[in-house]
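K.L.:
Okay, handing you the structure first.
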Protein chains: 2
Amino acid sequence: MTASPTQHDTFVIERRLTSPPTRVFAAFADQKKKARWFGCVEGWEVAEHTLDFRVGGREVWRGGPPGHAPHRNDTVYHDIVPDERIVWSYAMQVGGRRISVSLATLELSALGTGTHMRFIEQGVYLDGRDGLAERERGTKDLLDNLERALREEG
Amino acid sequence: MTASPTQHDTFVIERRLTSPPTRVFAAFADQKKKARWFGCVEGWEVAEHTLDFRVGGREVWRGGPPGHAPHRNDTVYHDIVPDERIVWSYAMQVGGRRISVSLATLELSALGTGTHMRFIEQGVYLDGRDGLAERERGTKDLLDNLERALREEG
């Protein structure tokens with residue numbers, strides 16, 4: 001078994017959201033609320049989503065495009081400050097192969113009646129895959145979904 | 001409860017070790033071998049060290065200088081390639097307060113009869129503490145301990 005070179009990189013995404021921090025936080029902390037935006041890719045099916053949202057708790061998400069390589073995320077929560085901060089790490093697999101491990105920090109602060117969100121992902125990309133650009137784009141798509149779900153919530 | 005600003009940073013340590021990758025890997029994978037170097041700070045006492053070395057497995061280390069703020073590390077292993085690569089994340093607490101969460105990558109490759117080690121730590125330092133310089137120095141001290149333990153092993 002041979003490990004290929006790894007790449008380490010960081011990206012930062014900042015957003016202004018119209019919902020207050022409490023509602024943004026709930027969209028990460030509550031499995032039913034999170035399921036409305038997380039992993040919602042058109043044409044994908046969700047096979048499993050379990051969330052034990054507490055320090056030391058785990059989350060598993062499995063799914064993907066039917067007939068293609070399944071995706072799997074295994075997450076552990078490391079730090080939670082209600083309505084303000086969440087730190088978690090997650091490993092991503094595609095087709096049973098681990099492609100990355102990431103450390104994510106979400107920071108929320110009140111901005112008028114809304115929220116200033118800062119998301120920082122520090123990652124290691126395994127087996128020589130240049131995953132950074134794709135991951136940043138995928139994360140932006142996820143956060144677009146989050147904003148849409150919050151707007152629909154009203 | 002108010003979350004203070006966080007700092008994100010990365011450091012890299014490279015070493016040439018005289019022991020082959022198999023023995024260096026074992027010093028991380030085997031609890032008894034790891035206990036010979038990890039957390040071995042003069043005057044410190046170890047209160048707990050449990051290691052479940054497998055993907056998804058956890059490690060707990062508790063200890064510190066008697067009469068002072070206890071240290072605690074909670075680790076999760078994300079990726080293991082025997083003798084070549086380990087990726088883990090860990091949260092560190094001092095005096096019951098979480099001060100950082102880190103993503104660590106250890107890469108080992110044969111170099112002559114020894115090992116080229118590359119250690120990359122990507123971390124988030126919580127609550128405004130400038131922990132990076134201290135963490136890098138502490139990690140170098142740990143790796144000095146590791147080298148000493150490997151030499152004593154013969």
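Identifiers in this document derive from the order of the structure tokens: chains are assigned A, B, ..., residues are numbered from 1 separately in each chain, and ligands are numbered from 1 in order of occurrence.
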Kindly provide, as a ChimeraX atom specification, the residues of chain B having any atom no farther than 8 Å from an atom of chain A, counting only C-alpha atoms.
P.N.:
/B:1-3,78-79,81-82,84-85,87,89-91,98,101-103,105,122-124
K.L.:
Can I get the selected residues back with N, CA, C and O atoms, as a PDB file, in the first residue's frame?
P.N.:
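Contents of selection-v2.pdb, as written:
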```pdb
ATOM      1  N   MET B   1     -22.782  33.576  26.617  1.00  0.00           N
ATOM      2  CA  MET B   1     -21.485  32.986  26.253  1.00  0.00           C
ATOM      3  C   MET B   1     -20.971  33.687  24.979  1.00  0.00           C
ATOM      4  O   MET B   1     -21.690  33.796  23.985  1.00  0.00           O
ATOM      5  N   THR B   2     -19.776  34.175  25.015  1.00  0.00           N
ATOM      6  CA  THR B   2     -19.249  34.918  23.870  1.00  0.00           C
ATOM      7  C   THR B   2     -17.965  34.263  23.367  1.00  0.00           C
ATOM      8  O   THR B   2     -17.050  33.995  24.126  1.00  0.00           O
ATOM      9  N   ALA B   3     -17.954  34.001  22.071  1.00  0.00           N
ATOM     10  CA  ALA B   3     -16.768  33.417  21.461  1.00  0.00           C
ATOM     11  C   ALA B   3     -15.839  34.541  21.040  1.00  0.00           C
ATOM     12  O   ALA B   3     -16.254  35.482  20.383  1.00  0.00           O
ATOM     13  N   HIS B  78      -8.475   9.829  11.404  1.00  0.00           N
ATOM     14  CA  HIS B  78      -9.282   9.938  10.180  1.00  0.00           C
ATOM     15  C   HIS B  78      -8.748   9.095   9.032  1.00  0.00           C
ATOM     16  O   HIS B  78      -9.496   8.667   8.164  1.00  0.00           O
ATOM     17  N   ASP B  79      -7.435   8.922   8.975  1.00  0.00           N
ATOM     18  CA  ASP B  79      -6.836   8.239   7.826  1.00  0.00           C
ATOM     19  C   ASP B  79      -5.550   7.560   8.286  1.00  0.00           C
ATOM     20  O   ASP B  79      -4.731   8.189   8.964  1.00  0.00           O
ATOM     21  N   VAL B  81      -2.517   4.915   6.725  1.00  0.00           N
ATOM     22  CA  VAL B  81      -1.872   4.058   5.730  1.00  0.00           C
ATOM     23  C   VAL B  81      -0.650   3.477   6.433  1.00  0.00           C
ATOM     24  O   VAL B  81       0.302   4.217   6.715  1.00  0.00           O
ATOM     25  N   PRO B  82      -0.664   2.176   6.774  1.00  0.00           N
ATOM     26  CA  PRO B  82       0.395   1.614   7.612  1.00  0.00           C
ATOM     27  C   PRO B  82       1.800   1.974   7.120  1.00  0.00           C
ATOM     28  O   PRO B  82       2.095   1.861   5.931  1.00  0.00           O
ATOM     29  N   GLU B  84       3.134   4.655   6.507  1.00  0.00           N
ATOM     30  CA  GLU B  84       3.286   5.766   5.564  1.00  0.00           C
ATOM     31  C   GLU B  84       2.564   7.049   5.950  1.00  0.00           C
ATOM     32  O   GLU B  84       3.087   8.136   5.739  1.00  0.00           O
ATOM     33  N   ARG B  85       1.352   6.924   6.483  1.00  0.00           N
ATOM     34  CA  ARG B  85       0.595   8.162   6.713  1.00  0.00           C
ATOM     35  C   ARG B  85      -0.426   7.981   7.823  1.00  0.00           C
ATOM     36  O   ARG B  85      -1.092   6.939   7.912  1.00  0.00           O
ATOM     37  N   VAL B  87      -3.504  10.614   9.591  1.00  0.00           N
ATOM     38  CA  VAL B  87      -4.169  11.921   9.689  1.00  0.00           C
ATOM     39  C   VAL B  87      -5.116  11.868  10.877  1.00  0.00           C
ATOM     40  O   VAL B  87      -5.925  10.936  10.980  1.00  0.00           O
ATOM     41  N   SER B  89      -7.297  14.478  14.019  1.00  0.00           N
ATOM     42  CA  SER B  89      -7.628  15.797  14.551  1.00  0.00           C
ATOM     43  C   SER B  89      -7.663  15.690  16.062  1.00  0.00           C
ATOM     44  O   SER B  89      -7.937  14.620  16.613  1.00  0.00           O
ATOM     45  N   TYR B  90      -7.359  16.786  16.721  1.00  0.00           N
ATOM     46  CA  TYR B  90      -7.419  16.763  18.185  1.00  0.00           C
ATOM     47  C   TYR B  90      -7.784  18.138  18.729  1.00  0.00           C
ATOM     48  O   TYR B  90      -7.440  19.160  18.161  1.00  0.00           O
ATOM     49  N   ALA B  91      -8.531  18.100  19.823  1.00  0.00           N
ATOM     50  CA  ALA B  91      -8.860  19.308  20.561  1.00  0.00           C
ATOM     51  C   ALA B  91      -8.038  19.306  21.837  1.00  0.00           C
ATOM     52  O   ALA B  91      -7.894  18.262  22.485  1.00  0.00           O
ATOM     53  N   ARG B  98     -11.199  24.817  26.306  1.00  0.00           N
ATOM     54  CA  ARG B  98     -10.674  24.383  25.007  1.00  0.00           C
ATOM     55  C   ARG B  98      -9.871  25.528  24.400  1.00  0.00           C
ATOM     56  O   ARG B  98     -10.396  26.639  24.255  1.00  0.00           O
ATOM     57  N   VAL B 101      -8.143  23.494  18.241  1.00  0.00           N
ATOM     58  CA  VAL B 101      -8.465  22.253  17.528  1.00  0.00           C
ATOM     59  C   VAL B 101      -7.510  22.190  16.340  1.00  0.00           C
ATOM     60  O   VAL B 101      -7.291  23.203  15.665  1.00  0.00           O
ATOM     61  N   SER B 102      -6.924  21.015  16.112  1.00  0.00           N
ATOM     62  CA  SER B 102      -5.907  20.893  15.071  1.00  0.00           C
ATOM     63  C   SER B 102      -6.139  19.682  14.198  1.00  0.00           C
ATOM     64  O   SER B 102      -6.710  18.681  14.638  1.00  0.00           O
ATOM     65  N   LEU B 103      -5.683  19.800  12.957  1.00  0.00           N
ATOM     66  CA  LEU B 103      -5.666  18.685  12.013  1.00  0.00           C
ATOM     67  C   LEU B 103      -4.202  18.377  11.729  1.00  0.00           C
ATOM     68  O   LEU B 103      -3.472  19.252  11.259  1.00  0.00           O
ATOM     69  N   THR B 105      -1.168  15.891  10.016  1.00  0.00           N
ATOM     70  CA  THR B 105      -0.808  14.890   9.009  1.00  0.00           C
ATOM     71  C   THR B 105       0.619  14.460   9.275  1.00  0.00           C
ATOM     72  O   THR B 105       1.511  15.301   9.365  1.00  0.00           O
ATOM     73  N   GLN B 122      -2.406  21.873  10.925  1.00  0.00           N
ATOM     74  CA  GLN B 122      -3.287  22.989  10.572  1.00  0.00           C
ATOM     75  C   GLN B 122      -4.208  23.189  11.769  1.00  0.00           C
ATOM     76  O   GLN B 122      -4.901  22.262  12.169  1.00  0.00           O
ATOM     77  N   GLY B 123      -4.202  24.388  12.333  1.00  0.00           N
ATOM     78  CA  GLY B 123      -4.938  24.540  13.577  1.00  0.00           C
ATOM     79  C   GLY B 123      -5.773  25.793  13.658  1.00  0.00           C
ATOM     80  O   GLY B 123      -5.534  26.781  12.951  1.00  0.00           O
ATOM     81  N   VAL B 124      -6.771  25.709  14.515  1.00  0.00           N
ATOM     82  CA  VAL B 124      -7.524  26.911  14.888  1.00  0.00           C
ATOM     83  C   VAL B 124      -7.324  27.124  16.389  1.00  0.00           C
ATOM     84  O   VAL B 124      -7.528  26.213  17.202  1.00  0.00           O
TER      85      VAL B 124
END
```
K.L.:
Hey, could you lay chain A over chain B with a least-squares C-alpha fit (all atoms, paired in order) and save it as a PDB file with C-alpha atoms, in the first residue's frame?
P.N.:
```
ATOM      1  CA  MET A   1     -21.506  33.097  26.235  1.00  0.00           C
ATOM      2  CA  THR A   2     -19.255  34.956  23.843  1.00  0.00           C
ATOM      3  CA  ALA A   3     -16.778  33.423  21.430  1.00  0.00           C
ATOM      4  CA  SER A   4     -13.606  35.433  21.018  1.00  0.00           C
ATOM      5  CA  PRO A   5     -11.752  35.735  17.718  1.00  0.00           C
ATOM      6  CA  THR A   6     -10.028  32.675  16.391  1.00  0.00           C
ATOM      7  CA  GLN A   7      -6.697  32.388  14.610  1.00  0.00           C
ATOM      8  CA  HIS A   8      -5.929  29.856  11.911  1.00  0.00           C
ATOM      9  CA  ASP A   9      -2.434  28.795  11.060  1.00  0.00           C
ATOM     10  CA  THR A  10      -0.245  25.977   9.773  1.00  0.00           C
ATOM     11  CA  PHE A  11       3.238  24.756  10.566  1.00  0.00           C
ATOM     12  CA  VAL A  12       5.408  22.073   8.995  1.00  0.00           C
ATOM     13  CA  ILE A  13       8.207  20.110  10.672  1.00  0.00           C
ATOM     14  CA  GLU A  14      10.514  17.831   8.695  1.00  0.00           C
ATOM     15  CA  ARG A  15      12.972  15.392  10.265  1.00  0.00           C
ATOM     16  CA  ARG A  16      15.372  12.677   9.243  1.00  0.00           C
ATOM     17  CA  LEU A  17      15.160   9.766  11.662  1.00  0.00           C
ATOM     18  CA  THR A  18      17.600   6.870  11.893  1.00  0.00           C
ATOM     19  CA  SER A  19      14.814   4.302  12.493  1.00  0.00           C
ATOM     20  CA  PRO A  20      12.923   2.820   9.529  1.00  0.00           C
ATOM     21  CA  PRO A  21       9.294   3.866   8.798  1.00  0.00           C
ATOM     22  CA  THR A  22       7.864   0.674  10.338  1.00  0.00           C
ATOM     23  CA  ARG A  23       9.342   1.504  13.740  1.00  0.00           C
ATOM     24  CA  VAL A  24       8.384   5.181  13.568  1.00  0.00           C
ATOM     25  CA  PHE A  25       4.835   4.226  12.618  1.00  0.00           C
ATOM     26  CA  ALA A  26       4.649   1.778  15.549  1.00  0.00           C
ATOM     27  CA  ALA A  27       5.655   4.590  17.919  1.00  0.00           C
ATOM     28  CA  PHE A  28       2.361   6.292  16.979  1.00  0.00           C
ATOM     29  CA  ALA A  29       0.167   3.218  16.572  1.00  0.00           C
ATOM     30  CA  ASP A  30       0.988   1.271  19.739  1.00  0.00           C
ATOM     31  CA  GLN A  31      -0.185   2.800  23.018  1.00  0.00           C
ATOM     32  CA  LYS A  32       2.718   1.427  25.070  1.00  0.00           C
ATOM     33  CA  LYS A  33       5.278   2.686  22.555  1.00  0.00           C
ATOM     34  CA  LYS A  34       3.548   6.041  22.252  1.00  0.00           C
ATOM     35  CA  ALA A  35       3.425   6.450  26.040  1.00  0.00           C
ATOM     36  CA  ARG A  36       7.256   6.380  26.075  1.00  0.00           C
ATOM     37  CA  TRP A  37       7.456   9.740  24.311  1.00  0.00           C
ATOM     38  CA  PHE A  38       4.038  11.410  24.030  1.00  0.00           C
ATOM     39  CA  GLY A  39       3.281  13.809  26.863  1.00  0.00           C
ATOM     40  CA  CYS A  40       6.592  13.016  28.555  1.00  0.00           C
ATOM     41  CA  VAL A  41       7.323  16.426  30.011  1.00  0.00           C
ATOM     42  CA  GLU A  42       9.647  16.560  33.013  1.00  0.00           C
ATOM     43  CA  GLY A  43       7.655  16.919  36.223  1.00  0.00           C
ATOM     44  CA  TRP A  44       4.317  16.127  34.520  1.00  0.00           C
ATOM     45  CA  GLU A  45       2.085  13.287  35.571  1.00  0.00           C
ATOM     46  CA  VAL A  46      -0.110  11.280  33.210  1.00  0.00           C
ATOM     47  CA  ALA A  47      -3.652  10.756  34.525  1.00  0.00           C
ATOM     48  CA  GLU A  48      -5.039   8.888  31.497  1.00  0.00           C
ATOM     49  CA  HIS A  49      -3.866   7.655  28.122  1.00  0.00           C
ATOM     50  CA  THR A  50      -6.112   5.464  26.008  1.00  0.00           C
ATOM     51  CA  LEU A  51      -5.545   4.845  22.295  1.00  0.00           C
ATOM     52  CA  ASP A  52      -7.916   3.137  19.871  1.00  0.00           C
ATOM     53  CA  PHE A  53      -5.711   3.305  16.796  1.00  0.00           C
ATOM     54  CA  ARG A  54      -8.003   2.745  13.821  1.00  0.00           C
ATOM     55  CA  VAL A  55      -9.914   4.987  11.424  1.00  0.00           C
ATOM     56  CA  GLY A  56     -12.689   6.551  13.504  1.00  0.00           C
ATOM     57  CA  GLY A  57     -10.975   5.519  16.745  1.00  0.00           C
ATOM     58  CA  ARG A  58     -10.249   7.929  19.562  1.00  0.00           C
ATOM     59  CA  GLU A  59      -7.377   8.748  21.884  1.00  0.00           C
ATOM     60  CA  VAL A  60      -7.559  10.548  25.205  1.00  0.00           C
ATOM     61  CA  TRP A  61      -4.539  11.951  27.012  1.00  0.00           C
ATOM     62  CA  ARG A  62      -4.895  13.736  30.358  1.00  0.00           C
ATOM     63  CA  GLY A  63      -2.117  14.966  32.576  1.00  0.00           C
ATOM     64  CA  GLY A  64       0.053  17.910  33.483  1.00  0.00           C
ATOM     65  CA  PRO A  65       2.128  19.472  36.202  1.00  0.00           C
ATOM     66  CA  PRO A  66       0.757  18.430  39.639  1.00  0.00           C
ATOM     67  CA  GLY A  67      -1.115  21.272  41.297  1.00  0.00           C
ATOM     68  CA  HIS A  68      -1.518  23.214  38.070  1.00  0.00           C
ATOM     69  CA  ALA A  69      -4.134  23.390  35.306  1.00  0.00           C
ATOM     70  CA  PRO A  70      -4.610  19.900  33.834  1.00  0.00           C
ATOM     71  CA  HIS A  71      -4.147  19.347  30.097  1.00  0.00           C
ATOM     72  CA  ARG A  72      -6.437  17.171  28.031  1.00  0.00           C
ATOM     73  CA  ASN A  73      -6.215  16.069  24.388  1.00  0.00           C
ATOM     74  CA  ASP A  74      -9.142  14.424  22.597  1.00  0.00           C
ATOM     75  CA  THR A  75      -8.056  12.872  19.324  1.00  0.00           C
ATOM     76  CA  VAL A  76      -9.877  11.168  16.438  1.00  0.00           C
ATOM     77  CA  TYR A  77      -8.041   9.213  13.708  1.00  0.00           C
ATOM     78  CA  HIS A  78      -9.272   9.928  10.190  1.00  0.00           C
ATOM     79  CA  ASP A  79      -6.837   8.238   7.823  1.00  0.00           C
ATOM     80  CA  ILE A  80      -4.222   5.525   8.335  1.00  0.00           C
ATOM     81  CA  VAL A  81      -1.879   4.058   5.724  1.00  0.00           C
ATOM     82  CA  PRO A  82       0.395   1.600   7.593  1.00  0.00           C
ATOM     83  CA  ASP A  83       4.033   2.780   7.803  1.00  0.00           C
ATOM     84  CA  GLU A  84       3.272   5.763   5.553  1.00  0.00           C
ATOM     85  CA  ARG A  85       0.587   8.164   6.704  1.00  0.00           C
ATOM     86  CA  ILE A  86      -1.614   9.080   9.657  1.00  0.00           C
ATOM     87  CA  VAL A  87      -4.167  11.922   9.688  1.00  0.00           C
ATOM     88  CA  TRP A  88      -5.864  12.869  12.936  1.00  0.00           C
ATOM     89  CA  SER A  89      -7.632  15.799  14.554  1.00  0.00           C
ATOM     90  CA  TYR A  90      -7.422  16.769  18.196  1.00  0.00           C
ATOM     91  CA  ALA A  91      -8.857  19.311  20.570  1.00  0.00           C
ATOM     92  CA  MET A  92      -6.682  20.564  23.408  1.00  0.00           C
ATOM     93  CA  GLN A  93      -7.996  21.759  26.754  1.00  0.00           C
ATOM     94  CA  VAL A  94      -6.060  23.460  29.538  1.00  0.00           C
ATOM     95  CA  GLY A  95      -7.798  23.870  32.875  1.00  0.00           C
ATOM     96  CA  GLY A  96     -11.071  22.654  31.368  1.00  0.00           C
ATOM     97  CA  ARG A  97     -11.018  25.316  28.669  1.00  0.00           C
ATOM     98  CA  ARG A  98     -10.688  24.365  25.006  1.00  0.00           C
ATOM     99  CA  ILE A  99      -7.785  26.339  23.533  1.00  0.00           C
ATOM    100  CA  SER A 100      -7.357  24.800  20.083  1.00  0.00           C
ATOM    101  CA  VAL A 101      -8.457  22.247  17.533  1.00  0.00           C
ATOM    102  CA  SER A 102      -5.893  20.898  15.074  1.00  0.00           C
ATOM    103  CA  LEU A 103      -5.658  18.691  12.013  1.00  0.00           C
ATOM    104  CA  ALA A 104      -2.364  16.804  11.907  1.00  0.00           C
ATOM    105  CA  THR A 105      -0.805  14.897   9.008  1.00  0.00           C
ATOM    106  CA  LEU A 106       2.190  12.622   9.538  1.00  0.00           C
ATOM    107  CA  GLU A 107       3.973  11.341   6.428  1.00  0.00           C
ATOM    108  CA  LEU A 108       6.751   8.776   6.553  1.00  0.00           C
ATOM    109  CA  SER A 109       8.981   7.604   3.708  1.00  0.00           C
ATOM    110  CA  ALA A 110      12.104   5.466   3.637  1.00  0.00           C
ATOM    111  CA  LEU A 111      15.366   7.408   3.442  1.00  0.00           C
ATOM    112  CA  GLY A 112      18.326   5.045   3.276  1.00  0.00           C
ATOM    113  CA  THR A 113      17.931   2.814   6.330  1.00  0.00           C
ATOM    114  CA  GLY A 114      15.990   5.552   8.128  1.00  0.00           C
ATOM    115  CA  THR A 115      12.905   7.710   7.647  1.00  0.00           C
ATOM    116  CA  HIS A 116      12.034  11.062   6.238  1.00  0.00           C
ATOM    117  CA  MET A 117       9.236  12.405   8.445  1.00  0.00           C
ATOM    118  CA  ARG A 118       6.976  15.268   7.466  1.00  0.00           C
ATOM    119  CA  PHE A 119       4.521  16.593  10.044  1.00  0.00           C
ATOM    120  CA  ILE A 120       1.933  19.213   9.088  1.00  0.00           C
ATOM    121  CA  GLU A 121      -0.384  20.771  11.664  1.00  0.00           C
ATOM    122  CA  GLN A 122      -3.278  22.995  10.570  1.00  0.00           C
ATOM    123  CA  GLY A 123      -4.925  24.543  13.593  1.00  0.00           C
ATOM    124  CA  VAL A 124      -7.531  26.911  14.905  1.00  0.00           C
ATOM    125  CA  TYR A 125      -6.579  28.709  18.116  1.00  0.00           C
ATOM    126  CA  LEU A 126      -9.608  29.693  20.154  1.00  0.00           C
ATOM    127  CA  ASP A 127     -10.400  32.609  22.397  1.00  0.00           C
ATOM    128  CA  GLY A 128      -7.755  34.999  21.155  1.00  0.00           C
ATOM    129  CA  ARG A 129      -4.782  33.041  22.457  1.00  0.00           C
ATOM    130  CA  ASP A 130      -1.702  33.328  20.305  1.00  0.00           C
ATOM    131  CA  GLY A 131      -0.967  29.638  20.500  1.00  0.00           C
ATOM    132  CA  LEU A 132       0.892  29.002  17.273  1.00  0.00           C
ATOM    133  CA  ALA A 133       4.501  29.656  18.311  1.00  0.00           C
ATOM    134  CA  GLU A 134       4.004  27.730  21.542  1.00  0.00           C
ATOM    135  CA  ARG A 135       2.371  24.793  19.728  1.00  0.00           C
ATOM    136  CA  GLU A 136       5.134  24.527  17.168  1.00  0.00           C
ATOM    137  CA  ARG A 137       7.780  24.572  19.911  1.00  0.00           C
ATOM    138  CA  GLY A 138       5.841  22.004  21.969  1.00  0.00           C
ATOM    139  CA  THR A 139       5.508  19.736  18.943  1.00  0.00           C
ATOM    140  CA  LYS A 140       9.247  19.956  18.251  1.00  0.00           C
ATOM    141  CA  ASP A 141       9.887  18.988  21.886  1.00  0.00           C
ATOM    142  CA  LEU A 142       7.550  15.993  21.466  1.00  0.00           C
ATOM    143  CA  LEU A 143       9.368  14.894  18.316  1.00  0.00           C
ATOM    144  CA  ASP A 144      12.694  15.218  20.179  1.00  0.00           C
ATOM    145  CA  ASN A 145      11.193  12.831  22.760  1.00  0.00           C
ATOM    146  CA  LEU A 146      10.118  10.501  19.954  1.00  0.00           C
ATOM    147  CA  GLU A 147      13.643  10.422  18.499  1.00  0.00           C
ATOM    148  CA  ARG A 148      15.100   9.718  21.949  1.00  0.00           C
ATOM    149  CA  ALA A 149      12.606   6.878  22.556  1.00  0.00           C
ATOM    150  CA  LEU A 150      13.425   5.344  19.159  1.00  0.00           C
ATOM    151  CA  ARG A 151      17.163   5.520  19.895  1.00  0.00           C
ATOM    152  CA  GLU A 152      16.665   3.887  23.307  1.00  0.00           C
ATOM    153  CA  GLU A 153      14.636   1.136  21.621  1.00  0.00           C
ATOM    154  CA  GLY A 154      17.912   0.414  19.793  1.00  0.00           C
TER     155      GLY A 154
END
```
